[in-house]
>>> print(open('entry_1.tsv').read())   # TSV, C-alpha atoms
chain	number	residue	atom	x	y	z
A	1	GLY	CA	4.63	-2.94	-18.70
A	2	THR	CA	3.83	0.74	-19.05
A	3	ILE	CA	0.47	2.52	-19.29
A	4	GLY	CA	0.45	6.28	-19.77
A	5	ALA	CA	2.50	9.06	-21.33
A	6	THR	CA	6.02	10.52	-21.43
A	7	ALA	CA	6.73	14.23	-21.77
A	8	ASN	CA	10.18	15.81	-21.55
A	9	LEU	CA	8.61	19.28	-21.76
A	10	ALA	CA	4.93	20.20	-21.49
A	11	SER	CA	3.42	23.68	-21.24
A	12	GLY	CA	-0.29	24.46	-21.12
A	13	ASN	CA	-1.25	20.85	-21.68
A	14	SER	CA	-3.20	18.32	-19.64
A	15	PHE	CA	-2.73	14.62	-19.04
A	16	SER	CA	-5.42	12.20	-17.90
A	17	ILE	CA	-4.55	8.56	-17.34
A	18	THR	CA	-7.74	6.99	-15.97
A	19	GLY	CA	-9.63	3.72	-15.91
A	20	ASN	CA	-6.85	1.49	-17.19
A	21	SER	CA	-6.10	-2.04	-16.00
A	22	ALA	CA	-3.40	-4.67	-16.07
A	23	SER	CA	-4.41	-8.09	-14.81
A	24	ALA	CA	-3.35	-11.70	-14.55
A	25	VAL	CA	-6.05	-14.20	-13.55
A	26	ALA	CA	-5.56	-17.94	-13.07
A	27	THR	CA	-8.34	-20.37	-12.12
A	28	SER	CA	-8.48	-24.15	-12.11
A	29	ASN	CA	-12.28	-24.49	-12.13
A	30	VAL	CA	-14.94	-21.85	-12.80
A	31	ALA	CA	-18.62	-22.77	-12.64
A	32	THR	CA	-21.88	-20.85	-12.89
A	33	THR	CA	-25.08	-22.73	-12.11
A	34	ALA	CA	-28.37	-20.90	-12.59
A	35	VAL	CA	-31.90	-22.29	-12.24
A	36	THR	CA	-34.87	-19.98	-12.85
A	37	LEU	CA	-38.54	-20.97	-12.43
A	38	GLY	CA	-41.50	-18.77	-13.30
A	39	ALA	CA	-45.19	-19.13	-14.10
A	40	THR	CA	-48.26	-16.96	-14.59
A	41	SER	CA	-50.22	-18.82	-11.93
A	42	GLY	CA	-47.92	-20.88	-9.73
A	43	VAL	CA	-44.69	-22.86	-9.36
A	44	TYR	CA	-45.48	-26.32	-8.00
A	45	ALA	CA	-42.35	-28.24	-9.03
A	46	SER	CA	-39.22	-28.73	-6.99
A	47	ALA	CA	-35.74	-27.73	-8.23
A	48	THR	CA	-32.10	-28.08	-7.24
A	49	ALA	CA	-28.97	-26.21	-8.30
A	50	ASN	CA	-26.08	-28.60	-7.63
A	51	ASN	CA	-22.42	-27.81	-8.23
A	52	SER	CA	-19.32	-29.88	-7.36
A	53	GLN	CA	-15.72	-28.77	-8.02
A	54	THR	CA	-12.40	-30.49	-7.35
A	55	ALA	CA	-8.91	-29.13	-8.13
A	56	VAL	CA	-6.08	-31.17	-6.65
A	57	GLY	CA	-2.34	-31.01	-7.38
A	58	GLY	CA	0.01	-28.75	-9.30
A	59	VAL	CA	0.86	-25.10	-8.85
A	60	LEU	CA	-1.53	-22.28	-9.73
A	61	SER	CA	0.01	-18.81	-10.11
A	62	ALA	CA	-0.65	-15.33	-11.48
A	63	ALA	CA	1.76	-12.39	-11.73
A	64	VAL	CA	1.67	-8.73	-12.77
A	65	ASN	CA	5.28	-7.56	-13.05
A	66	SER	CA	6.95	-4.12	-12.92
A	67	THR	CA	3.96	-2.13	-14.06
A	68	THR	CA	4.09	1.66	-14.38
A	69	VAL	CA	0.91	3.71	-14.80
A	70	GLY	CA	0.85	7.48	-15.27
A	71	LEU	CA	3.05	10.30	-16.56
A	72	ARG	CA	6.81	10.33	-16.85
A	73	GLY	CA	7.50	14.05	-17.14
A	74	VAL	CA	10.63	16.16	-16.83
A	75	ALA	CA	9.53	19.83	-16.98
A	76	LEU	CA	5.83	20.68	-16.66
A	77	ASP	CA	4.43	24.21	-16.91
A	78	SER	CA	0.73	24.96	-16.24
A	79	THR	CA	-0.10	21.33	-16.92
A	80	PRO	CA	-2.77	19.46	-14.91
A	81	VAL	CA	-2.07	15.74	-14.44
A	82	THR	CA	-4.71	13.20	-13.36
A	83	VAL	CA	-3.99	9.54	-12.68
A	84	SER	CA	-7.08	7.84	-11.29
A	85	GLY	CA	-9.20	4.70	-11.28
A	86	ASN	CA	-6.47	2.42	-12.59
A	87	VAL	CA	-6.40	-1.20	-11.44
A	88	LEU	CA	-3.46	-3.61	-11.29
A	89	ASN	CA	-4.75	-7.05	-10.33
A	90	ALA	CA	-3.13	-10.47	-9.86
A	91	GLU	CA	-5.66	-13.14	-8.91
A	92	ALA	CA	-5.58	-16.94	-8.59
A	93	THR	CA	-8.32	-19.28	-7.35
A	94	ARG	CA	-8.47	-23.07	-7.53
A	95	ASN	CA	-12.27	-23.38	-7.42
A	96	SER	CA	-14.65	-20.52	-8.13
A	97	GLY	CA	-18.41	-21.00	-8.17
A	98	THR	CA	-21.61	-19.00	-8.51
A	99	ASN	CA	-24.83	-20.91	-7.86
A	100	ALA	CA	-28.30	-19.38	-7.98
A	101	LEU	CA	-31.87	-20.65	-7.86
A	102	THR	CA	-34.82	-18.30	-8.35
A	103	ALA	CA	-38.54	-19.07	-8.31
A	104	ALA	CA	-41.13	-16.34	-8.88
A	105	ALA	CA	-44.89	-16.60	-9.41
A	106	PRO	CA	-48.18	-15.59	-7.78
A	107	THR	CA	-47.97	-18.84	-5.81
A	108	VAL	CA	-44.68	-20.58	-5.06
A	109	ALA	CA	-45.40	-23.98	-3.54
A	110	GLY	CA	-42.72	-26.30	-4.81
A	111	GLY	CA	-43.02	-30.06	-4.75
A	112	ALA	CA	-42.35	-32.62	-2.08
A	113	ALA	CA	-38.62	-33.20	-2.35
A	114	SER	CA	-35.61	-34.00	-0.23
A	115	PRO	CA	-33.82	-32.11	1.21
A	116	ALA	CA	-36.16	-29.22	0.29
A	117	SER	CA	-38.53	-27.99	-2.40
A	118	PHE	CA	-35.84	-25.61	-3.60
A	119	ALA	CA	-32.19	-26.35	-2.87
A	120	VAL	CA	-28.76	-24.96	-3.73
A	121	ILE	CA	-25.99	-27.47	-3.05
A	122	SER	CA	-22.29	-26.69	-3.50
A	123	ASN	CA	-19.18	-28.79	-2.82
A	124	GLN	CA	-15.60	-27.60	-3.40
A	125	THR	CA	-12.31	-29.39	-2.72
A	126	GLY	CA	-8.89	-27.89	-3.45
A	127	GLN	CA	-5.26	-28.83	-2.83
A	128	GLY	CA	-1.92	-27.47	-4.07
A	129	ASN	CA	-0.02	-24.19	-4.02
A	130	VAL	CA	-1.73	-20.96	-5.08
A	131	THR	CA	0.57	-17.95	-5.60
A	132	THR	CA	0.05	-14.37	-6.78
A	133	THR	CA	2.54	-11.49	-7.10
A	134	ASN	CA	1.90	-7.88	-8.10
A	135	THR	CA	5.05	-5.79	-8.53
A	136	VAL	CA	4.64	-2.05	-9.14
A	137	GLY	CA	7.01	0.55	-10.54
A	138	VAL	CA	5.16	3.87	-10.35
A	139	VAL	CA	1.46	4.68	-10.23
A	140	GLY	CA	1.17	8.46	-10.60
A	141	ALA	CA	3.60	11.03	-11.94
A	142	THR	CA	7.34	11.56	-11.98
A	143	GLN	CA	8.86	14.97	-12.73
A	144	ASN	CA	11.87	17.19	-12.19
A	145	SER	CA	10.03	20.52	-12.11
A	146	ALA	CA	6.40	21.61	-12.14
A	147	ILE	CA	5.04	25.15	-12.09
A	148	GLY	CA	1.43	26.27	-11.99
A	149	GLY	CA	-0.23	22.93	-12.67
A	150	THR	CA	-1.93	20.29	-10.53
A	151	PHE	CA	-1.33	16.65	-9.67
A	152	SER	CA	-4.17	14.31	-8.71
A	153	VAL	CA	-3.42	10.65	-8.05
A	154	SER	CA	-6.58	9.04	-6.71
A	155	ASP	CA	-8.59	5.81	-6.39
A	156	ASN	CA	-5.98	3.53	-7.95
A	157	SER	CA	-5.75	-0.10	-6.82
A	158	VAL	CA	-2.92	-2.60	-6.54
A	159	LEU	CA	-4.38	-6.01	-5.70
A	160	SER	CA	-2.93	-9.46	-5.14
A	161	SER	CA	-5.40	-12.22	-4.28
A	162	ALA	CA	-4.85	-15.96	-3.81
A	163	ASN	CA	-7.55	-18.42	-2.73
A	164	VAL	CA	-8.33	-22.11	-2.73
A	165	ASN	CA	-12.16	-22.12	-2.77
A	166	LYS	CA	-14.61	-19.25	-3.37
A	167	VAL	CA	-18.35	-19.51	-3.85
A	168	ALA	CA	-21.49	-17.38	-3.91
A	169	ASN	CA	-24.77	-19.26	-3.33
A	170	SER	CA	-28.18	-17.62	-3.53
A	171	LEU	CA	-31.77	-18.82	-3.24
A	172	VAL	CA	-34.59	-16.36	-4.01
A	173	LEU	CA	-38.29	-17.22	-3.67
A	174	ASN	CA	-40.77	-14.50	-4.60
A	175	ALA	CA	-44.55	-15.00	-4.41
A	176	ALA	CA	-47.02	-12.30	-5.37
A	177	ASN	CA	-49.58	-14.15	-3.26
A	178	GLY	CA	-48.60	-17.10	-1.06
A	179	LEU	CA	-45.37	-19.00	-0.45
A	180	SER	CA	-45.30	-22.55	0.87
A	181	GLY	CA	-42.21	-24.15	-0.68
A	182	THR	CA	-39.28	-25.01	1.58
A	183	GLY	CA	-35.72	-23.90	0.82
A	184	LEU	CA	-32.13	-24.92	1.58
A	185	ILE	CA	-28.55	-23.83	0.90
A	186	ASP	CA	-25.99	-26.50	1.71
A	187	ASN	CA	-22.38	-25.37	1.21
A	188	ASN	CA	-19.28	-27.52	1.83
A	189	GLN	CA	-15.67	-26.41	1.22
A	190	THR	CA	-12.37	-28.15	1.93
A	191	ALA	CA	-8.88	-26.71	1.43
A	192	GLN	CA	-6.58	-29.66	1.94
A	193	ALA	CA	-3.16	-29.93	3.58
A	194	ASN	CA	0.14	-29.69	1.69
A	195	SER	CA	-1.08	-26.42	0.18
A	196	LEU	CA	0.55	-22.99	0.39
A	197	VAL	CA	-1.56	-19.94	-0.41
A	198	SER	CA	0.61	-16.85	-0.93
A	199	ALA	CA	-0.30	-13.33	-2.10
A	200	THR	CA	2.30	-10.53	-2.39
A	201	ALA	CA	2.11	-6.89	-3.48
A	202	SER	CA	5.40	-5.02	-3.69
A	203	GLY	CA	6.45	-1.59	-4.92
A	204	GLY	CA	6.93	0.92	-6.07
A	205	SER	CA	5.39	4.27	-5.45
A	206	ILE	CA	1.90	5.70	-5.71
A	207	GLY	CA	1.79	9.48	-5.99
A	208	VAL	CA	4.23	12.15	-7.21
A	209	THR	CA	7.96	11.38	-7.17
A	210	PRO	CA	11.16	12.67	-8.80
A	211	PHE	CA	12.00	11.73	-12.38
A	212	THR	CA	15.59	12.00	-11.23
A	213	SER	CA	16.79	13.68	-8.05
A	214	GLY	CA	16.15	17.27	-7.01
A	215	ASN	CA	12.59	17.77	-8.26
A	216	THR	CA	10.76	21.02	-7.47
A	217	LEU	CA	7.11	22.07	-7.32
A	218	VAL	CA	5.94	25.69	-7.43
A	219	SER	CA	2.25	26.63	-7.06
A	220	THR	CA	1.27	23.09	-8.03
A	221	PRO	CA	-1.31	21.53	-5.69
A	222	VAL	CA	-0.86	17.80	-5.12
A	223	THR	CA	-3.61	15.38	-4.07
A	224	VAL	CA	-2.93	11.71	-3.42
A	225	SER	CA	-6.15	10.09	-2.14
A	226	GLY	CA	-8.18	6.92	-1.97
A	227	ASN	CA	-5.50	4.61	-3.32
A	228	VAL	CA	-5.55	0.98	-2.21
A	229	ILE	CA	-2.78	-1.60	-1.93
A	230	ALA	CA	-4.08	-4.98	-0.82
A	231	ALA	CA	-2.84	-8.55	-0.55
A	232	GLN	CA	-5.53	-11.08	0.32
A	233	GLY	CA	-5.26	-14.82	0.77
A	234	GLY	CA	-7.71	-17.44	1.94
A	235	GLY	CA	-8.56	-21.09	2.21
A	236	ASN	CA	-12.37	-21.04	1.92
A	237	THR	CA	-14.68	-18.13	1.17
A	238	ALA	CA	-18.48	-18.33	0.99
A	239	LEU	CA	-21.29	-15.87	0.45
A	240	ASN	CA	-24.62	-17.61	1.18
A	241	ALA	CA	-28.00	-15.88	1.04
A	242	ILE	CA	-31.64	-16.99	1.16
A	243	GLU	CA	-34.30	-14.39	0.42
A	244	THR	CA	-38.00	-15.22	0.50
A	245	VAL	CA	-40.77	-12.69	-0.04
A	246	ALA	CA	-44.55	-13.13	-0.17
A	247	VAL	CA	-47.16	-10.41	-0.44
A	248	ASN	CA	-49.61	-12.35	1.72
A	249	THR	CA	-48.63	-15.50	3.64
A	250	ILE	CA	-45.60	-17.69	4.15
A	251	SER	CA	-46.50	-21.16	5.34
A	252	GLY	CA	-44.59	-23.16	7.87
A	253	SER	CA	-43.27	-26.68	7.43
A	254	PHE	CA	-44.32	-28.31	10.73
A	255	PRO	CA	-43.44	-30.99	11.75
A	256	SER	CA	-40.38	-30.63	9.53
A	257	PHE	CA	-37.78	-28.09	10.62
A	258	PRO	CA	-36.71	-25.72	9.28
A	259	THR	CA	-38.79	-24.16	6.51
A	260	TYR	CA	-35.67	-22.36	5.28
A	261	GLY	CA	-32.25	-23.62	6.26
A	262	LEU	CA	-28.70	-22.55	5.51
A	263	LEU	CA	-25.87	-24.99	6.22
A	264	ASN	CA	-22.25	-23.91	5.83
A	265	ALA	CA	-19.28	-26.20	6.53
A	266	GLN	CA	-15.67	-25.14	5.88
A	267	ASN	CA	-12.44	-26.98	6.63
A	268	ASN	CA	-9.08	-25.34	5.97
A	269	ALA	CA	-5.71	-27.10	6.25
A	270	ALA	CA	-3.86	-24.86	3.76
A	271	THR	CA	-1.11	-22.52	4.97
A	272	VAL	CA	-1.95	-18.91	4.09
A	273	THR	CA	0.44	-15.94	3.97
A	274	THR	CA	0.01	-12.41	2.59
A	275	THR	CA	2.57	-9.61	2.28
A	276	VAL	CA	2.58	-5.95	1.28
A	277	ARG	CA	6.04	-4.42	1.15
A	278	ASP	CA	8.19	-1.50	0.02
A	279	PHE	CA	5.63	1.09	-1.09
A	280	ARG	CA	5.83	4.85	-0.88
A	281	VAL	CA	2.46	6.61	-1.10
A	282	GLY	CA	2.22	10.40	-1.36
A	283	LEU	CA	4.60	13.18	-2.41
A	284	VAL	CA	8.38	13.07	-2.58
A	285	ALA	CA	10.03	16.36	-3.55
A	286	ALA	CA	13.27	18.23	-2.92
A	287	ALA	CA	11.67	21.69	-2.83
A	288	VAL	CA	7.99	22.67	-2.56
A	289	THR	CA	6.88	26.32	-2.75
A	290	THR	CA	3.37	27.84	-2.36
A	291	THR	CA	1.87	24.39	-2.84
A	292	ALA	CA	-0.96	22.67	-0.96
A	293	SER	CA	-0.20	18.97	-0.56
A	294	SER	CA	-2.86	16.48	0.53
A	295	VAL	CA	-2.33	12.76	1.20
A	296	VAL	CA	-5.60	11.35	2.51
A	297	ASN	CA	-7.56	8.11	2.83
A	298	ASN	CA	-4.98	5.78	1.32
A	299	GLN	CA	-4.78	2.16	2.48
A	300	ALA	CA	-2.19	-0.61	2.56
A	301	SER	CA	-3.45	-3.93	3.93
A	302	ALA	CA	-2.57	-7.60	4.13
A	303	LEU	CA	-5.41	-9.98	5.04
A	304	SER	CA	-5.11	-13.73	5.54
A	305	TYR	CA	-7.80	-16.11	6.67
A	306	GLY	CA	-8.51	-19.81	6.82
A	307	ASN	CA	-12.30	-19.72	6.51
A	308	THR	CA	-14.69	-16.83	6.03
A	309	ALA	CA	-18.43	-16.88	5.44
A	310	SER	CA	-21.34	-14.50	5.18
A	311	ASN	CA	-24.63	-16.31	5.89
A	312	ALA	CA	-27.99	-14.57	5.66
A	313	VAL	CA	-31.63	-15.71	5.70
A	314	ALA	CA	-34.36	-13.10	5.12
A	315	VAL	CA	-38.04	-14.09	5.28
A	316	SER	CA	-40.71	-11.43	4.74
A	317	ALA	CA	-44.49	-11.43	4.35
A	318	LEU	CA	-45.16	-7.91	3.11
A	319	THR	CA	-48.86	-7.24	3.72
A	320	GLY	CA	-50.18	-10.46	5.19
A	321	SER	CA	-50.44	-11.20	8.88
A	322	SER	CA	-49.16	-14.76	8.66
A	323	ASN	CA	-45.51	-15.77	8.52
A	324	LEU	CA	-45.25	-19.25	9.97
A	325	ALA	CA	-41.84	-20.12	8.53
A	326	SER	CA	-39.06	-21.48	10.71
A	327	THR	CA	-35.45	-20.60	9.89
A	328	LEU	CA	-32.00	-21.99	10.64
A	329	ILE	CA	-28.36	-21.11	10.05
A	330	ASN	CA	-25.78	-23.75	10.97
A	331	ASN	CA	-22.20	-22.60	10.46
A	332	THR	CA	-19.23	-24.92	11.11
A	333	GLN	CA	-15.62	-23.87	10.48
A	334	THR	CA	-12.36	-25.67	11.20
A	335	ASN	CA	-8.88	-24.26	10.63
A	336	SER	CA	-5.77	-26.35	11.32
A	337	ALA	CA	-3.10	-24.40	9.42
A	338	SER	CA	-0.78	-21.43	9.92
A	339	ILE	CA	-2.31	-18.08	8.90
A	340	SER	CA	-0.01	-15.03	8.65
A	341	SER	CA	0.10	-11.53	7.21
A	342	ALA	CA	2.63	-8.69	7.11
A	343	VAL	CA	3.01	-5.11	5.90
A	344	THR	CA	6.64	-3.91	5.80
A	345	GLY	CA	8.44	-0.90	4.41
A	346	VAL	CA	5.30	1.09	3.58
A	347	ASN	CA	5.49	4.89	3.96
A	348	ILE	CA	2.50	7.19	3.49
A	349	GLY	CA	2.84	10.98	3.54
A	350	VAL	CA	5.00	13.86	2.30
A	351	SER	CA	8.78	13.76	2.39
A	352	GLY	CA	11.74	15.53	0.86
A	353	GLY	CA	13.63	18.77	1.39
A	354	SER	CA	12.32	22.31	1.84
A	355	LEU	CA	8.73	23.48	2.17
A	356	SER	CA	7.82	27.17	2.02
A	357	ASN	CA	4.53	29.10	1.96
A	358	GLY	CA	2.50	25.93	1.46
A	359	SER	CA	0.43	23.44	3.45
A	360	VAL	CA	0.50	19.72	4.09
A	361	VAL	CA	-2.45	17.49	5.07
A	362	VAL	CA	-1.87	13.82	5.87
A	363	SER	CA	-5.09	12.29	7.17
A	364	GLY	CA	-7.25	9.16	7.17
A	365	ASN	CA	-4.58	6.82	5.88
A	366	ALA	CA	-4.35	3.24	7.13
A	367	ILE	CA	-1.75	0.47	7.25
A	368	SER	CA	-2.94	-2.90	8.53
A	369	ALA	CA	-2.12	-6.60	8.66
A	370	ARG	CA	-4.77	-9.07	9.79
A	371	SER	CA	-4.69	-12.84	10.20
A	372	VAL	CA	-7.89	-14.77	10.95
A	373	GLY	CA	-8.46	-18.49	11.36
A	374	ASN	CA	-12.26	-18.49	11.15
A	375	SER	CA	-14.69	-15.65	10.49
A	376	ALA	CA	-18.45	-15.77	9.99
A	377	SER	CA	-21.39	-13.43	9.87
A	378	ASN	CA	-24.78	-15.10	10.52
A	379	ILE	CA	-27.92	-12.99	10.13
A	380	ILE	CA	-31.58	-14.04	10.22
A	381	SER	CA	-34.29	-11.46	9.58
A	382	GLN	CA	-37.96	-12.40	9.68
A	383	LYS	CA	-41.19	-10.43	9.65
>>> encode(input="entry_1.tsv", output="structure tokens")
Amino acid sequence: GTIGATANLASGNSFSITGNSASAVATSNVATTAVTLGATSGVYASATANNSQTAVGGVLSAAVNSTTVGLRGVALDSTPVTVSGNVLNAEATRNSGTNALTAAAPTVAGGAASPASFAVISNQTGQGNVTTTNTVGVVGATQNSAIGGTFSVSDNSVLSSANVNKVANSLVLNAANGLSGTGLIDNNQTAQANSLVSATASGGSIGVTPFTSGNTLVSTPVTVSGNVIAAQGGGNTALNAIETVAVNTISGSFPSFPTYGLLNAQNNAATVTTTVRDFRVGLVAAAVTTTASSVVNNQASALSYGNTASNAVAVSALTGSSNLASTLINNTQTNSASISSAVTGVNIGVSGGSLSNGSVVVSGNAISARSVGNSASNIISQK
């Protein structure tokens, strides 16, 4: 498809192609579980947010094909062109979950319950191929000649993302006085064997390129900055967070341990591959005269992982002197599949023919491919 404008001849005009999107999103299961407790005096009941998702078999795919965003111009005179903040996104996920439990009152005590007074429990199982492709024509501007204008191609994104299981679990306990309820997040994710997860982004150009051959720029500054090309694929992804705050005291749970616990278990047997290929980012011109060209802070990346998790427990008694809570994070990850990533045929910079009485800056750009079996961040903060 095409988003933008076409101008064979433009003089004293301006073109702004910003904030547009083209997307394809495919999901087998989407779930949002939210439990909220509040009272004017106290919360003394227990509560659980429990979510279970299973997606097994079949092929899940999403594709954005041959998309062009920007200006197709031939002859431009004193015409500023801005192409920014546009997003091309292909995304597929077998299981996607958001689970949240919040309790807020002067006193948060909870009831006697197993496994905890307040619990968030999530289970996800996925199997089968997940595929995304994002194919780009041009993001930016094409022209044969430009005199006395400007080109700015910035902060555009080309994304291709394929995942088996993704979840965000949160538990928030907020007491204006005292907190004595216990809390737990228990997350379990399995990406089964006989599954191929594949994400591909291919191009295409991002920046300023010829409409045909032999384009020229005279006194026309060009900026190509902050553009992102990314292919991401994963077996299991989890964001788990417990936050407890009391103005005065937080009680312990002795002899039971812990007062607040976070358990994360992930098992990936799905093959994951990501690819970014055949992109040109920057300026391509046959002749550039008295023109400042800047190609900065652009990124092309392919990231593949089997399991990734961010686990955080924060316990804080703001003004009281007593925080007797015990805390625990237990993270277990197993990957038994091939994980690969590649970036090929990507060029970032300024290229073409002659350059006279101008300047070129190419800085802060990055090309990367990263493959990770297991990755976890585990943070406990307590005061």
>>> residues_around(input="entry_1.tsv", residues="segment 280-291 of chain A", least_positions_apart="5", cutoff="8 Å", atoms="all atoms listed in the file", output="MDAnalysis selection string")
chainID A and resid 203:210 213:222 224 298 346:359
>>> atom_distance(input="entry_1.tsv", atom1="atom CA of Ser340 of chain A", atom2="atom CA of Val362 of chain A")
29.0 Å
>>> atom_distance(input="entry_1.tsv", atom1="atom CA of Gly38 of chain A", atom2="atom CA of Ala112 of chain A")
17.8 Å
>>> closest_residue(input="entry_1.tsv", among="A:Ala39, A:Val245, A:Leu263, A:Ala300", to="Thr332 of chain A", atoms="all atoms listed in the file")
A:Leu263
>>> axis_aligned_box(input="entry_1.tsv", around="segment 207-214 of chain A", padding_each_side="5 Å", output="AutoDock Vina command-line options")
--center_x 9.3 --center_y 13.4 --center_z -9.2 --size_x 25.0 --size_y 17.8 --size_z 16.4
>>> closest_residue(input="entry_1.tsv", among="A:Gly178, A:Gly345, A:Gly128, A:Gly137", to="Val272 of chain A", atoms="only C-alpha atoms")
A:Gly128
>>> residues_near_point(input="entry_1.tsv", point="(-14.8, -29.1, -10.1)", cutoff="8 Å", atoms="all atoms listed in the file", output="PDB file with C-alpha atoms, in the frame of the given file")
ATOM      1  CA  ASN A  29     -12.280 -24.490 -12.130  1.00  0.00           C
ATOM      2  CA  VAL A  30     -14.940 -21.850 -12.800  1.00  0.00           C
ATOM      3  CA  ALA A  31     -18.620 -22.770 -12.640  1.00  0.00           C
ATOM      4  CA  ASN A  51     -22.420 -27.810  -8.230  1.00  0.00           C
ATOM      5  CA  SER A  52     -19.320 -29.880  -7.360  1.00  0.00           C
ATOM      6  CA  GLN A  53     -15.720 -28.770  -8.020  1.00  0.00           C
ATOM      7  CA  THR A  54     -12.400 -30.490  -7.350  1.00  0.00           C
ATOM      8  CA  ALA A  55      -8.910 -29.130  -8.130  1.00  0.00           C
ATOM      9  CA  ASN A  95     -12.270 -23.380  -7.420  1.00  0.00           C
ATOM     10  CA  GLN A 124     -15.600 -27.600  -3.400  1.00  0.00           C
ATOM     11  CA  THR A 125     -12.310 -29.390  -2.720  1.00  0.00           C
TER      12      THR A 125
END
>>> residues_near_point(input="entry_1.tsv", point="(3.8, -3.2, 9.0)", cutoff="9 Å", atoms="only C-alpha atoms", output="mmCIF file with C-alpha atoms, keeping the file's coordinate frame")
data_model
loop_
_atom_site.group_PDB
_atom_site.id
_atom_site.type_symbol
_atom_site.label_atom_id
_atom_site.label_comp_id
_atom_site.auth_asym_id
_atom_site.auth_seq_id
_atom_site.Cartn_x
_atom_site.Cartn_y
_atom_site.Cartn_z
ATOM 1 C CA VAL A 276 2.580 -5.950 1.280
ATOM 2 C CA ARG A 277 6.040 -4.420 1.150
ATOM 3 C CA SER A 301 -3.450 -3.930 3.930
ATOM 4 C CA ALA A 342 2.630 -8.690 7.110
ATOM 5 C CA VAL A 343 3.010 -5.110 5.900
ATOM 6 C CA THR A 344 6.640 -3.910 5.800
ATOM 7 C CA GLY A 345 8.440 -0.900 4.410
ATOM 8 C CA VAL A 346 5.300 1.090 3.580
ATOM 9 C CA ILE A 367 -1.750 0.470 7.250
ATOM 10 C CA SER A 368 -2.940 -2.900 8.530
ATOM 11 C CA ALA A 369 -2.120 -6.600 8.660
#
>>> residues_around(input="entry_1.tsv", residues="Asn236 of chain A", least_positions_apart="6", cutoff="12 Å", atoms="all atoms listed in the file", output="ChimeraX atom specification")
/A:93-97,123-127,162-168,187-192,197,264-272,304-310,333-335,372-376
>>> atom_distance(input="entry_1.tsv", atom1="atom CA of Ala119 of chain A", atom2="atom CA of Val172 of chain A")
10.3 Å
>>> residues_around(input="entry_1.tsv", residues="Thr275 of chain A", least_positions_apart="3", cutoff="7 Å", atoms="only C-alpha atoms", output="list in words")
Ala199, Thr200, Ala201, Ala231, Ala302, Ser341, Ala342 and Val343 of chain A
>>> write_last_selection(input="entry_1.tsv", atoms="C-alpha atoms", output="mmCIF file, keeping the file's coordinate frame")
data_model
loop_
_atom_site.group_PDB
_atom_site.id
_atom_site.type_symbol
_atom_site.label_atom_id
_atom_site.label_comp_id
_atom_site.auth_asym_id
_atom_site.auth_seq_id
_atom_site.Cartn_x
_atom_site.Cartn_y
_atom_site.Cartn_z
ATOM 1 C CA ALA A 199 -0.300 -13.330 -2.100
ATOM 2 C CA THR A 200 2.300 -10.530 -2.390
ATOM 3 C CA ALA A 201 2.110 -6.890 -3.480
ATOM 4 C CA ALA A 231 -2.840 -8.550 -0.550
ATOM 5 C CA ALA A 302 -2.570 -7.600 4.130
ATOM 6 C CA SER A 341 0.100 -11.530 7.210
ATOM 7 C CA ALA A 342 2.630 -8.690 7.110
ATOM 8 C CA VAL A 343 3.010 -5.110 5.900
#
>>> closest_residue(input="entry_1.tsv", among="A:Asn169, A:Ser180, A:Asn311, A:Ser61", to="Ser198 of chain A", atoms="all atoms listed in the file")
A:Ser61
>>> residues_around(input="entry_1.tsv", residues="Glu91 of chain A", least_positions_apart="3", cutoff="10 Å", atoms="all atoms listed in the file", output="mmCIF file with C-alpha atoms, in the frame of the given file")
data_model
loop_
_atom_site.group_PDB
_atom_site.id
_atom_site.type_symbol
_atom_site.label_atom_id
_atom_site.label_comp_id
_atom_site.auth_asym_id
_atom_site.auth_seq_id
_atom_site.Cartn_x
_atom_site.Cartn_y
_atom_site.Cartn_z
ATOM 1 C CA SER A 23 -4.410 -8.090 -14.810
ATOM 2 C CA ALA A 24 -3.350 -11.700 -14.550
ATOM 3 C CA VAL A 25 -6.050 -14.200 -13.550
ATOM 4 C CA ALA A 26 -5.560 -17.940 -13.070
ATOM 5 C CA THR A 27 -8.340 -20.370 -12.120
ATOM 6 C CA SER A 61 0.010 -18.810 -10.110
ATOM 7 C CA ALA A 62 -0.650 -15.330 -11.480
ATOM 8 C CA ALA A 63 1.760 -12.390 -11.730
ATOM 9 C CA VAL A 64 1.670 -8.730 -12.770
ATOM 10 C CA VAL A 130 -1.730 -20.960 -5.080
ATOM 11 C CA THR A 131 0.570 -17.950 -5.600
ATOM 12 C CA THR A 132 0.050 -14.370 -6.780
ATOM 13 C CA THR A 133 2.540 -11.490 -7.100
ATOM 14 C CA ASN A 134 1.900 -7.880 -8.100
ATOM 15 C CA LEU A 159 -4.380 -6.010 -5.700
ATOM 16 C CA SER A 160 -2.930 -9.460 -5.140
ATOM 17 C CA SER A 161 -5.400 -12.220 -4.280
ATOM 18 C CA ALA A 162 -4.850 -15.960 -3.810
ATOM 19 C CA ASN A 163 -7.550 -18.420 -2.730
ATOM 20 C CA ALA A 199 -0.300 -13.330 -2.100
ATOM 21 C CA ALA A 231 -2.840 -8.550 -0.550
ATOM 22 C CA GLN A 232 -5.530 -11.080 0.320
ATOM 23 C CA GLY A 233 -5.260 -14.820 0.770
#
>>> residues_around(input="entry_1.tsv", residues="Tyr44 of chain A", least_positions_apart="5", cutoff="6 Å", atoms="all atoms listed in the file", output="ChimeraX atom specification")
/A:109-111
>>> closest_residue(input="entry_1.tsv", among="A:Ser122, A:Ser154, A:Ser114, A:Asn99", to="Val295 of chain A", atoms="only C-alpha atoms")
A:Ser154
>>> closest_residue(input="entry_1.tsv", among="A:Ser381, A:Thr274, A:Asn86, A:Thr237", to="Thr68 of chain A", atoms="all atoms listed in the file")
A:Asn86
